[in-house]
Amino acid sequence: MELLLGYVGAEMCANCHVKQYRDYQNVGMAHSLYKPTPKNLPEFRSRRASFFHQRSGFQYEMLTRNGKYYQKRFILDSNGRPIHVHQEEIAYVIGSGKHARSYLSHHPDGRITQLPVSWYPQEGRWAMSPGFDSAIHPDFSRDVNHGCIFSHNAYPKLIPSLSPVENLFPYELPPGIDCERCHGPGGQHVQLALAGRPTELIVASIFQPSRAPKNIQRELCYQCHFEAGLRFARDRIYRPDREVFSYHPGEPLSKLMINLDYAPHDRPADDFKVTHQGYRMEQSVCFQKSGGEMTCTTCHDPHQVIGPERRVGWYRSKCLQCHRQDSCTVAAAARYRQNDDCTACEMWKRRTQDSVHTIFTDHKIQRTKPERDLLAPLSEESPLMAADKDLAFTGDKELNPLEQKYFLAMAYLQLPPEQLAISEHQRSKGLALLQEFIAGANRSEFSYGKYLSRAYFTLAASYRADGQPKLAMDAYEHALAHNPDFVPAYDNLGGLLAEIGNSERAFECFRTSLSLNPWDSMAYRNIGSLYAWDGLFDQAVHFFKLSVGINPDNASAYDYLGKALADEGRLGPAVAAYEEALNLEPRAAGVYWDCAAALNKQGNFELALQYVRTGIRYAPNDPRGKVLLSEIEAHHRASAHEAPPTSAGKPSR
């Protein structure tokens, strides 16, 4: 038999642990990610599975065809006809379906994206996925990264040299949270069992959570169920010298990631998020008085579902491990009305702030219920928190002062630019900490290689946003000096070099990026852009086609392809490329105008006017659209006044 090493999959566990495996299949964690089937997607049986998102004007349909499942998006033109249609196949369902089901698409280039519409069984309706309910939302373009998958399923198979590329999943994902996420890799355990080795050796070869210290037991659950839920900072920062899927049960979770929260003086008293279970439990008096003895498994059995008929008695028995029955101060009649349910009095159902269509149990055990309606509707636009808040570490992380500066800086700064722009104060704090870390790490006897690489990379992005290209370029160079395989640094440095006109070095960066990650469609697009800027449109078209061949959902590559074709005078193919770009991103004003300009040159003035006006609707203050509209209207008027030639071939007056 081939030597079994590492992770072997939960099916191997079923051979010996039959009952535990069978019971676990009913637990929500076992169904946190799975492939779609008619049995597990009852919402697709509706005759009219559709949803209109008023804020964006997008219409969505959920389709079943030939045993496959799809989401389709389109908008309606002035005649009510669907245009700019785009659909993607559902490869995976994420969420057990008790609270919500969202859907993922797995692309040929290894990307996984979240689809924009989710099913919310508690409300019995379709609505936008969390974070999508705005006029400008990600639509089909939100990449799922390793950190997200880490919380929803067994460890995926990756290409070792490309494991730092956080949005690359080259192989099919395994389903759900499996046995090995809590017990560790089972290869040696299975090998010893099959070889008939002594029981004590077999037992010692696999991690036994029940025998671990209480803090380690909690951290097994905290992998996925502990989040401070910061809005204007990252609350979970992975160590740069560890891969996301390298955590082994039994080691402190802080060896892989550092969790942060708002500092005590800035911490909200009563916020509530989807993965708040561990965070809220630790705020409970019950936990605080337990002296660290209380864990998630004090009340929960991770291997089985407690059915409705047993639920009240089960959880009451857990409370009575520490409390006496006669110590309850609630009147007997009131307790009777609640079926003597402890959780009904002290652990309430609440609507979550980060997924406003879902209701979860608050794991902060408390005797006084807030006066407000905990189930009242919420909007994603509701501000959860002011931006200018101080951060602090949660738990004992054993970080030295330099590491503290690094993780705090990254928590402040690793956000989208539009979110960082909310608070210059926060950004300034993050940059100051980052610069202090870099200075100290460069003087340290300890090698902070990948820490410094990430720090310089983040610093470069800040310099670039501030319009300081030379400082940004120097920082990218330092990032690569500390980690020569850091693909994003090559991509960003190449883009910066292209901006300042250094095409030769930009080519070198993009080619190096492709040598490390041949699935990088953006690198092909960027090389095509360099050729286009040099007027070499044949080569540009070739690389743009390579880009969309790898990633057919790359709207910008289709736009660039259209521009290159138009510059070659191939207007028909250019319009077709622009149309593909608009099918992927119907709100791109510039693409409407590029397409209108090509249509104008073709003499298709009516359609050109329609496109330029649509672009202006999405960008009403952009002068380019207004100038183009005037030009096309002038051409349209001139063509309308042209009369047909007379029989003598002379123009008619």
# chains A, B, ... in the order shown; residues from 1 in each chain; ligands from 1
call {"tool": "residues_around", "arguments": {"residues": "A:Thr275", "least_positions_apart": "6", "cutoff": "7 Å", "atoms": "only C-alpha atoms", "output": "number ranges by chain"}}
result
A: 225-227
call {"tool": "closest_atom_pairs", "arguments": {"of": "stretch 254-337 of chain A", "to": "stretch 388-408 of chain A", "cutoff": "7 Å", "atoms": "only C-alpha atoms", "output": "Markdown table"}}
result
| residue | atom | partner | partner_atom | distance |
| --- | --- | --- | --- | --- |
| A:Ser254 | CA | A:Lys397 | CA | 6.0 |
| A:Asn259 | CA | A:Thr394 | CA | 5.8 |
| A:Leu260 | CA | A:Phe393 | CA | 4.4 |
| A:Asp261 | CA | A:Ala392 | CA | 5.4 |
| A:Tyr262 | CA | A:Leu391 | CA | 4.4 |
| A:Ala263 | CA | A:Leu391 | CA | 4.8 |
| A:Asp266 | CA | A:Lys389 | CA | 6.0 |
call {"tool": "write_last_selection", "arguments": {"atoms": "C-alpha atoms", "output": "mmCIF file, in the first residue's frame"}}
result
data_model
loop_
_atom_site.group_PDB
_atom_site.id
_atom_site.type_symbol
_atom_site.label_atom_id
_atom_site.label_comp_id
_atom_site.auth_asym_id
_atom_site.auth_seq_id
_atom_site.Cartn_x
_atom_site.Cartn_y
_atom_site.Cartn_z
ATOM 1 C CA SER A 254 -1.760 32.925 16.712
ATOM 2 C CA ASN A 259 -6.826 38.773 15.637
ATOM 3 C CA LEU A 260 -7.486 42.417 16.428
ATOM 4 C CA ASP A 261 -10.359 44.373 17.886
ATOM 5 C CA TYR A 262 -11.160 47.971 18.637
ATOM 6 C CA ALA A 263 -9.336 49.197 21.739
ATOM 7 C CA ASP A 266 -13.470 52.599 21.266
#
call {"tool": "residues_around", "arguments": {"residues": "stretch 130-132 of chain A", "least_positions_apart": "2", "cutoff": "7 Å", "atoms": "only C-alpha atoms", "output": "ChimeraX atom specification"}}
result
/A:116,128,134,137-138,354-355
call {"tool": "residues_around", "arguments": {"residues": "A:Glu251", "least_positions_apart": "4", "cutoff": "8 Å", "atoms": "only C-alpha atoms", "output": "compact mmCIF listing (two decimals) with N, CA and C atoms, in the first residue's frame"}}
result
# COMPACT_ATOMS: atom_id res chain seq x y z
N ILE A 216 -6.67 25.85 23.58
CA ILE A 216 -6.47 25.22 22.27
C ILE A 216 -7.80 24.67 21.75
N TYR A 247 -2.30 25.78 8.98
CA TYR A 247 -2.61 25.60 10.40
C TYR A 247 -2.87 24.13 10.71
N LYS A 255 -0.10 31.34 15.84
CA LYS A 255 1.05 30.99 15.01
C LYS A 255 0.73 31.19 13.53
call {"tool": "select_by_dssp", "arguments": {"residues": "stretch 141-271 of chain A", "states": "strand (DSSP E)", "output": "list in words"}}
result
Arg142, Asp143, Arg236, Ile237, Tyr238, Met257, Ile258, Asn259, Leu260, Asp261 and Tyr262 of chain A
call {"tool": "write_last_selection", "arguments": {"atoms": "N, CA, C and O atoms", "output": "JSON list (two decimals), in the first residue's frame"}}
result
[["chain", "number", "residue", "atom", "x", "y", "z"],
["A", 142, "ARG", "N", -16.43, 39.69, -7.64],
["A", 142, "ARG", "CA", -15.79, 39.59, -6.32],
["A", 142, "ARG", "C", -15.02, 38.28, -6.19],
["A", 142, "ARG", "O", -15.59, 37.19, -6.12],
["A", 143, "ASP", "N", -13.70, 38.39, -6.13],
["A", 143, "ASP", "CA", -12.86, 37.20, -5.95],
["A", 143, "ASP", "C", -12.99, 36.65, -4.53],
["A", 143, "ASP", "O", -13.08, 37.40, -3.55],
["A", 236, "ARG", "N", -8.31, 40.34, 11.13],
["A", 236, "ARG", "CA", -7.58, 39.07, 11.09],
["A", 236, "ARG", "C", -6.44, 39.22, 10.08],
["A", 236, "ARG", "O", -6.69, 39.40, 8.89],
["A", 237, "ILE", "N", -5.22, 39.18, 10.54],
["A", 237, "ILE", "CA", -4.05, 39.34, 9.69],
["A", 237, "ILE", "C", -3.23, 38.05, 9.74],
["A", 237, "ILE", "O", -2.81, 37.61, 10.82],
["A", 238, "TYR", "N", -3.03, 37.44, 8.58],
["A", 238, "TYR", "CA", -2.23, 36.21, 8.53],
["A", 238, "TYR", "C", -0.74, 36.54, 8.58],
["A", 238, "TYR", "O", -0.30, 37.56, 8.04],
["A", 257, "MET", "N", -2.32, 33.35, 12.50],
["A", 257, "MET", "CA", -3.01, 34.63, 12.29],
["A", 257, "MET", "C", -3.07, 35.40, 13.60],
["A", 257, "MET", "O", -2.98, 34.84, 14.68],
["A", 258, "ILE", "N", -3.22, 36.70, 13.44],
["A", 258, "ILE", "CA", -3.36, 37.57, 14.60],
["A", 258, "ILE", "C", -4.73, 38.24, 14.51],
["A", 258, "ILE", "O", -5.09, 38.82, 13.48],
["A", 259, "ASN", "N", -5.51, 38.15, 15.59],
["A", 259, "ASN", "CA", -6.83, 38.77, 15.64],
["A", 259, "ASN", "C", -6.74, 40.11, 16.36],
["A", 259, "ASN", "O", -6.02, 40.25, 17.36],
["A", 260, "LEU", "N", -7.47, 41.08, 15.83],
["A", 260, "LEU", "CA", -7.49, 42.42, 16.43],
["A", 260, "LEU", "C", -8.92, 42.85, 16.66],
["A", 260, "LEU", "O", -9.85, 42.34, 16.05],
["A", 261, "ASP", "N", -9.05, 43.82, 17.55],
["A", 261, "ASP", "CA", -10.36, 44.37, 17.89],
["A", 261, "ASP", "C", -10.17, 45.87, 18.09],
["A", 261, "ASP", "O", -9.03, 46.37, 18.16],
["A", 262, "TYR", "N", -11.28, 46.59, 18.21],
["A", 262, "TYR", "CA", -11.16, 47.97, 18.64],
["A", 262, "TYR", "C", -10.63, 48.01, 20.07],
["A", 262, "TYR", "O", -10.93, 47.12, 20.88]]
call {"tool": "select_by_dssp", "arguments": {"residues": "stretch 151-236 of chain A", "states": "helix (DSSP H, G or I)", "output": "MDAnalysis selection string"}}
result
chainID A and resid 160:162 180:183 187:194 199:204 209:211 214:225
call {"tool": "closest_residue", "arguments": {"among": "A:Phe360, A:Tyr92, A:Tyr490, A:Tyr456", "to": "A:Gln122", "atoms": "only C-alpha atoms"}}
result
A:Phe360
